[in-house]
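Have a look at the structure below, then the notes.
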Amino acid sequence: MDIESILIKHIEQAFVDLYATQVEKISLQPTKKDFEGSHTFVTFPYTKITRQKPDETAHLLGEYLQNHSQVVDRFHVVQGFLNLTISDRIWLQAFDEMRNQKELGQFAPTGKKVMVEFSSPNTNKPLHLGHLRNNFLGDSVARILAARGYEVVKSNLVNDRGIHICKSMVAYLRHGNGETPETLGIKGDHLVGKYYVLFDKDLKRELESEMLSIQKKHSTDGLNYPMTVIQKINTLLQKLAENPEEKKAEELWDAIKKEVQNYCPSQIEAKNLLLKWEAGNEETMNLWKKMNGWVYEGFHATYRKLGIEFDKIYYESDTYLLGKDIIEEGLQKGVFYRNADSSVWIDLTADKLDQKLLLRSDGTSVYMTQDLGTADLKYQDYQIDKSVYVVGNEQDYHFKVLFKVLEKLGRPYAEGLYHLSYGMVDLPTGKMKSREGTVVDADDLVAEMKEIAAERTRERGKIEELSEQELEHLFEIIGVGALKYFLVKVDPGKRMLFDPLQSVDFEGDAAPFIQYQHARTHSILRTAKAQGLAWKPENYATYQKLEPSENNLILIIYDLERKILESADNYAPSIIAQYVYEVAKTYSRFWNECPIFQTPDPDAKSFRIALSELTGRTLARAMSLLGIEVPERM
RNA sequence: GGUUCCGUAGCUCAAUGGAUAGAGCAACUGCCUUCUAAGCAGUAGGUUAUUGGUUCGAGUCCAAUCGGAAUCACCA
C-alpha cells in the first residue's frame, strides 16, 4: 500500500470533479511537526486553475477528500497549506503490512550492476581519519545501493607503486637495520609509515642545507645540477635581485626550492629506486613485496575492525600500464591529437575544461591514462551499468575530465559513471598532513573510541549478564558505531571538522543513542516473552485509536523506503543517518509517553510490544545501511 | 589570474523553491520507588557573510561584492 500515491490520485480526481481540470505532477510534502497531519498539499501553484484564493481551494479540496477518500480522516487549512490526517485504520493496516515484510526496505532487484570503488589507500602509510570518511561513505553507499535492488561490487584500487612507495623503501634501506613488525611488535602499516616520515625528514634536512648555501651566496656557484635547472634557478634569482614585494619573493624562493628538491640525494635515490622497480630489479622487487606485505597485514587488521570488506581488489602495479591502447584508439577516432613532441592531448576547451595531457612525449603514461584503462578493465570484468568512485573533492577536476574523455570515446558505460566527491576532514589546527605527522591515526582513534565506550558502559552497570567476549563485542560496536555515524551523518560534499579534544559524541545525535533505543526495544521483547505475552495482529484487533506518539512512530517507520530511495538516488548515507536518528528520537518519546506493561488494556499492551518490535527492526535495518551494528542490550 | 566548491545559533551540523529556519553539544529549569535517565519535558540562543534581482513565496535560483578552501604540472 502506498498512501502517498493513493492521495495523489484522489487529489487529481478532485481537480477533475471540482474544477474540470487535469493536473499533472502533483507532489505532496511531509507536514511540518508543529501542525496536525502527515501529508501536506500546497495550493499556491494552482490558484490560476482554481481562480480562488489558496485558502478557499484548500478548503474545497479538503472537504472533497474527506468525503471521497477512504484514507483521509480529516484536514486542516493553514494559509493555503492543506494538511491531511490519515485515518488510524489505514495506519494500522500499513503497520501490519510492514510487519509481514521479511526484510524491511529491501527493493526488488533492478537487474542492474553497480561497482563502488572506495578506500584506495597508498601502501606507504597507515590509514588515517580522512581514509575513514572515505571507507565509511563507500561501504555505506554500497549497502544502500544493494537495498535499492542493485547488484553491488565493492572494489578497492590499491595504490601500491610509485615514487611515494619508493620513499619509504629508501628510508628503510638507510635506517632499517633489518627491523620487522615482529621484532618491533608494531603493525606493518605503521612501521612502513614511520619510514615514510623518516624519508621526509632526511629530504628536508638536505634541502635546507642546500638552500642555505644558495641564499648565502645568492648564486648557483658550486651546484652540481643540469644546465637547464641552473639556468632556471638563475632566472629566479635574478628576479629576486630586483627586490620584489615580500609575498612575491616568497613565491620565488618556493619555486627555487622545488627545483632544488629534485636534486637532493634522497629524492634522487627514490627516483633511481623507481627506475629499478620498473625494470623489474630483483632486489628492489623483493624489498617492495616485503614492505607491501607488511602494510597489507596491517590494513587487513584495520579493515576487519571497521567491518569493511571488498569483492575485488585491483592493484595499481597491475593496472598502471593500461590505457595506452586507448590512446591509439582515441587518436584514430580523432578525439585526441598528437603534438610536435609526440605527446598526446585532448582538447576539452569546448566543454569548459582545458587541454589535457594523456601521454607524455617519452610515451609513458600519466594518471589519466591509467584511469582510462582501469575503467575499461572494470567494465570487462563485471559488465557494470554504473560505476561509483569514492574519491576526495580535490580530484573533482580529474574526474570531470576522465568522464568526459570516456564519453567522447563512446564508451557504453560512460553515462553510469559517478564521482562521489567528499570534503576533507579538518582538524582545529587545519588540514591533516601525513608527512608532517599531523594526522589522526585510524587505529589509535578506533582504540580510543572503544575505550570510551567501555568506560561509559561500565559506569551504567546494566551489563552484568554479558560474558567477557560479549562485552568486547559490545564496546567495539558502540565505539566504532559512534565513529562511523559521526563521519557519515554529514553531507559528503562538505568538508568537516574533527576536534580530537572533544572527540566523538556518545549522546544526542549519535550512534550510541540510536543503539540504546534499539536495546530498549529488545528489553521490551525480553520482558514480554518472560511474561508469556503474544503480539500477533489478532492480539491487538480491538486497538483502533492511536496515541500521537504511536502514530508518529508508524508514520516514520513507513518512511523508510522513501528514504532509501532518496539516499540511493543521491549517493547520500547522510539521509539515512538523519532518518534513523529521527526514528530513535520518536521511539524515545513513545517510551516515555506510552507505558506498556502497566497498561490495563491487553490489546494496547500487545500492540505496543509489536510496535517496539517493528521499531527495533527498523533501527537495525537503517543502521545496517550505515554499516553500524546494534546491540540487544547496553 | 581562470575554474569549481563552501559561508546558517557560542561550537558541530540539518532544512526536494513553501508555513514560525531546525537538531545535537555547551548553558540554565524540572523529571529515576514506575518497561534501560547513553533518556524525557522545558528556557535561552538567528538580520541564513553583504547588496541587488527573479518569484504568489528565496537559506535554497541569478548577478555582484567580501571571506575561506580546492584545483589549474610531461605529479599521483
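So you can find residues: chains in the C-alpha cells are A, B, ... in the order shown, residues in each start at 1, and ligands are numbered from 1 in order.
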Got a sec: who's within 9 Å of Phe513 of chain A, counting only C-alpha atoms (C1' of nucleotides), leaving out chain neighbours fewer than 2 positions off, as a PyMOL selection string? (chain A and resi 506-511+515-518+581+584-585) or (chain B and resi 38-39)
List every residue of segment 324-519 of chain A that DSSP, applied to the backbone of this structure, places in helix (DSSP H, G or I), and write the result as a ChimeraX atom specification. /A:324-333,349-351,367-382,393-408,414-416,442-460,468-488,511-519
So that I can see what lies close to G42 of chain B, please list as an NGL selection string the residues with an atom at most 12 Å from it, counting only C-alpha atoms (C1' of nucleotides) and leaving out residues fewer than 5 positions away in the same chain. :B and (28-31)
I need the contact residues of chain A against chain B, so if you could list those with any atom within 7 Å, counting only C-alpha atoms (C1' of nucleotides), and return them as a PyMOL selection string, that would help. chain A and resi 44+360-361+367+394+397+490+506-509+512-513+516+520+524+589+592+596-597
What is the atom CA of Gln215 of chain A-atom CA of Lys433 of chain A distance in Å, reported with one decimal? 27.4 Å
Compare A:Thr47, A:Ser421, A:Thr180, A:Thr302 by their minimum atom-to-atom distance to Gly80 of chain A, counting only C-alpha atoms, and give me the closest one.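 Of A:Thr47, A:Ser421, A:Thr180, A:Thr302, the one nearest Gly80 of chain A, counting only C-alpha atoms, is A:Thr47.
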With only C-alpha atoms (C1' of nucleotides) as the counted atoms, please give the residues lying no more than 12 Å from Ser168 of chain A, apart from itself and same-chain residues fewer than 3 positions off, as a PyMOL selection string. chain A and resi 122-125+160-165+171-176+189-203+266-267+269-270+273-274+287-288+291-292+295+435
Non-local contacts of Leu483 of chain A (12 Å; only C-alpha atoms (C1' of nucleotides); under 4 positions in same chain excluded) as a ChimeraX atom specification: /A:129,132-133,135-136,306,442-443,445-450,452-453,476-479,487-489,498,503-506,510-512,626-628
Could you name the residues that touch Asn234 of chain A at 12 Å or less, counting only C-alpha atoms (C1' of nucleotides), but leaving out those on the same chain fewer than 2 positions away, as a list in words?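 With the cut-off at 12 Å, the set is Ile214, His218, Ser219, Thr220, Asp221, Leu223, Tyr225, Met227, Thr228, Val229, Ile230, Gln231, Lys232, Leu236, Leu237, Gln238, Lys239, Leu240, Ala241, Leu252, Trp253, Ala255, Ile256, Glu259 and Val260 of chain A.
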Please provide the set of residues having any atom within 9 Å of Leu474 of chain A, restricted to only C-alpha atoms (C1' of nucleotides), with same-chain residues fewer than 4 positions apart removed, written as JSON, numbers by chain. {"A": [453, 454, 469, 470, 478, 479, 630, 631, 633, 634]}
Requested write-out: N, CA and C atoms of the selected residues, as a JSON list (two decimals), in the first residue's frame:
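Output below, filename part29.json:
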[["chain", "number", "residue", "atom", "x", "y", "z"],
["A", 453, "ALA", "N", 33.78, 3.84, 25.00],
["A", 453, "ALA", "CA", 32.56, 3.04, 25.03],
["A", 453, "ALA", "C", 32.55, 2.14, 26.24],
["A", 454, "ALA", "N", 33.68, 1.50, 26.51],
["A", 454, "ALA", "CA", 33.78, 0.58, 27.65],
["A", 454, "ALA", "C", 33.55, 1.33, 28.96],
["A", 469, "GLN", "N", 33.48, -11.93, 26.38],
["A", 469, "GLN", "CA", 33.54, -11.87, 24.92],
["A", 469, "GLN", "C", 32.43, -10.98, 24.36],
["A", 470, "GLU", "N", 31.25, -11.13, 24.94],
["A", 470, "GLU", "CA", 30.13, -10.31, 24.51],
["A", 470, "GLU", "C", 30.39, -8.84, 24.81],
["A", 478, "ILE", "N", 29.81, -0.18, 19.80],
["A", 478, "ILE", "CA", 29.47, 1.17, 20.25],
["A", 478, "ILE", "C", 30.54, 2.16, 19.82],
["A", 479, "GLY", "N", 31.80, 1.79, 20.05],
["A", 479, "GLY", "CA", 32.91, 2.70, 19.72],
["A", 479, "GLY", "C", 33.00, 2.95, 18.22],
["A", 630, "VAL", "N", 23.84, -3.02, 15.88],
["A", 630, "VAL", "CA", 23.09, -2.58, 17.07],
["A", 630, "VAL", "C", 23.02, -3.72, 18.09],
["A", 631, "PRO", "N", 23.20, -3.39, 19.37],
["A", 631, "PRO", "CA", 23.18, -4.43, 20.41],
["A", 631, "PRO", "C", 21.77, -4.66, 20.95],
["A", 633, "ARG", "N", 21.34, -5.39, 24.20],
["A", 633, "ARG", "CA", 21.34, -4.68, 25.49],
["A", 633, "ARG", "C", 22.63, -3.88, 25.61],
["A", 634, "MET", "N", 22.56, -2.81, 26.34],
["A", 634, "MET", "CA", 23.76, -1.99, 26.56],
["A", 634, "MET", "C", 23.57, -1.14, 27.81]]
Nearest to Lys563 of chain A: which of A:Thr85, A:Lys536, A:Val580, A:Tyr422 is it, counting only C-alpha atoms?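 Of the candidates, the smallest distance to Lys563 of chain A is held by A:Val580.
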How far is it from atom CA of Lys356 of chain A to atom CA of Met368 of chain A, in Å with one decimal? 9.1 Å
Can you tell me how far atom CA of Thr369 of chain A sits from atom CA of Lys113 of chain A, in Å to one decimal?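 One can read the atom CA of Thr369 of chain A to atom CA of Lys113 of chain A distance as 24.8 Å.
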Considering only C-alpha atoms, tabulate each residue of segment 415-533 of chain A that lies at most 8 Å from segment 382-393 of chain A along with its nearest interatomic pair and the corresponding distance in Å to one decimal; arrange the rows by chain and ascending residue number and present them as CSV.
residue,atom,partner,partner_atom,distance
A:Glu415,CA,A:Lys386,CA,7.8
A:Gly416,CA,A:Lys386,CA,4.2
A:Leu417,CA,A:Ser387,CA,4.9
A:Tyr418,CA,A:Val388,CA,4.8
A:His419,CA,A:Tyr389,CA,4.8
A:Leu420,CA,A:Val390,CA,4.7
A:Ser421,CA,A:Asn393,CA,4.8
A:Tyr422,CA,A:Gly392,CA,4.9
A:Gly423,CA,A:Asn393,CA,5.6
A:Met424,CA,A:Gly392,CA,6.9
A:Gly493,CA,A:Asn393,CA,7.6
C-alpha atoms of the current selection, written as an mmCIF file, in the first residue's frame:
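Output saved as out_39.cif:
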data_model
loop_
_atom_site.group_PDB
_atom_site.id
_atom_site.type_symbol
_atom_site.label_atom_id
_atom_site.label_comp_id
_atom_site.auth_asym_id
_atom_site.auth_seq_id
_atom_site.Cartn_x
_atom_site.Cartn_y
_atom_site.Cartn_z
ATOM 1 C CA GLU A 415 26.578 7.553 -18.624
ATOM 2 C CA GLY A 416 26.695 5.479 -15.452
ATOM 3 C CA LEU A 417 29.885 6.997 -14.104
ATOM 4 C CA TYR A 418 29.642 8.949 -10.875
ATOM 5 C CA HIS A 419 32.262 10.652 -8.752
ATOM 6 C CA LEU A 420 31.146 10.585 -5.123
ATOM 7 C CA SER A 421 33.189 13.541 -4.049
ATOM 8 C CA TYR A 422 33.640 14.261 -0.374
ATOM 9 C CA GLY A 423 35.280 17.043 1.585
ATOM 10 C CA MET A 424 38.386 16.729 3.662
ATOM 11 C CA GLY A 493 30.177 17.248 -0.280
#
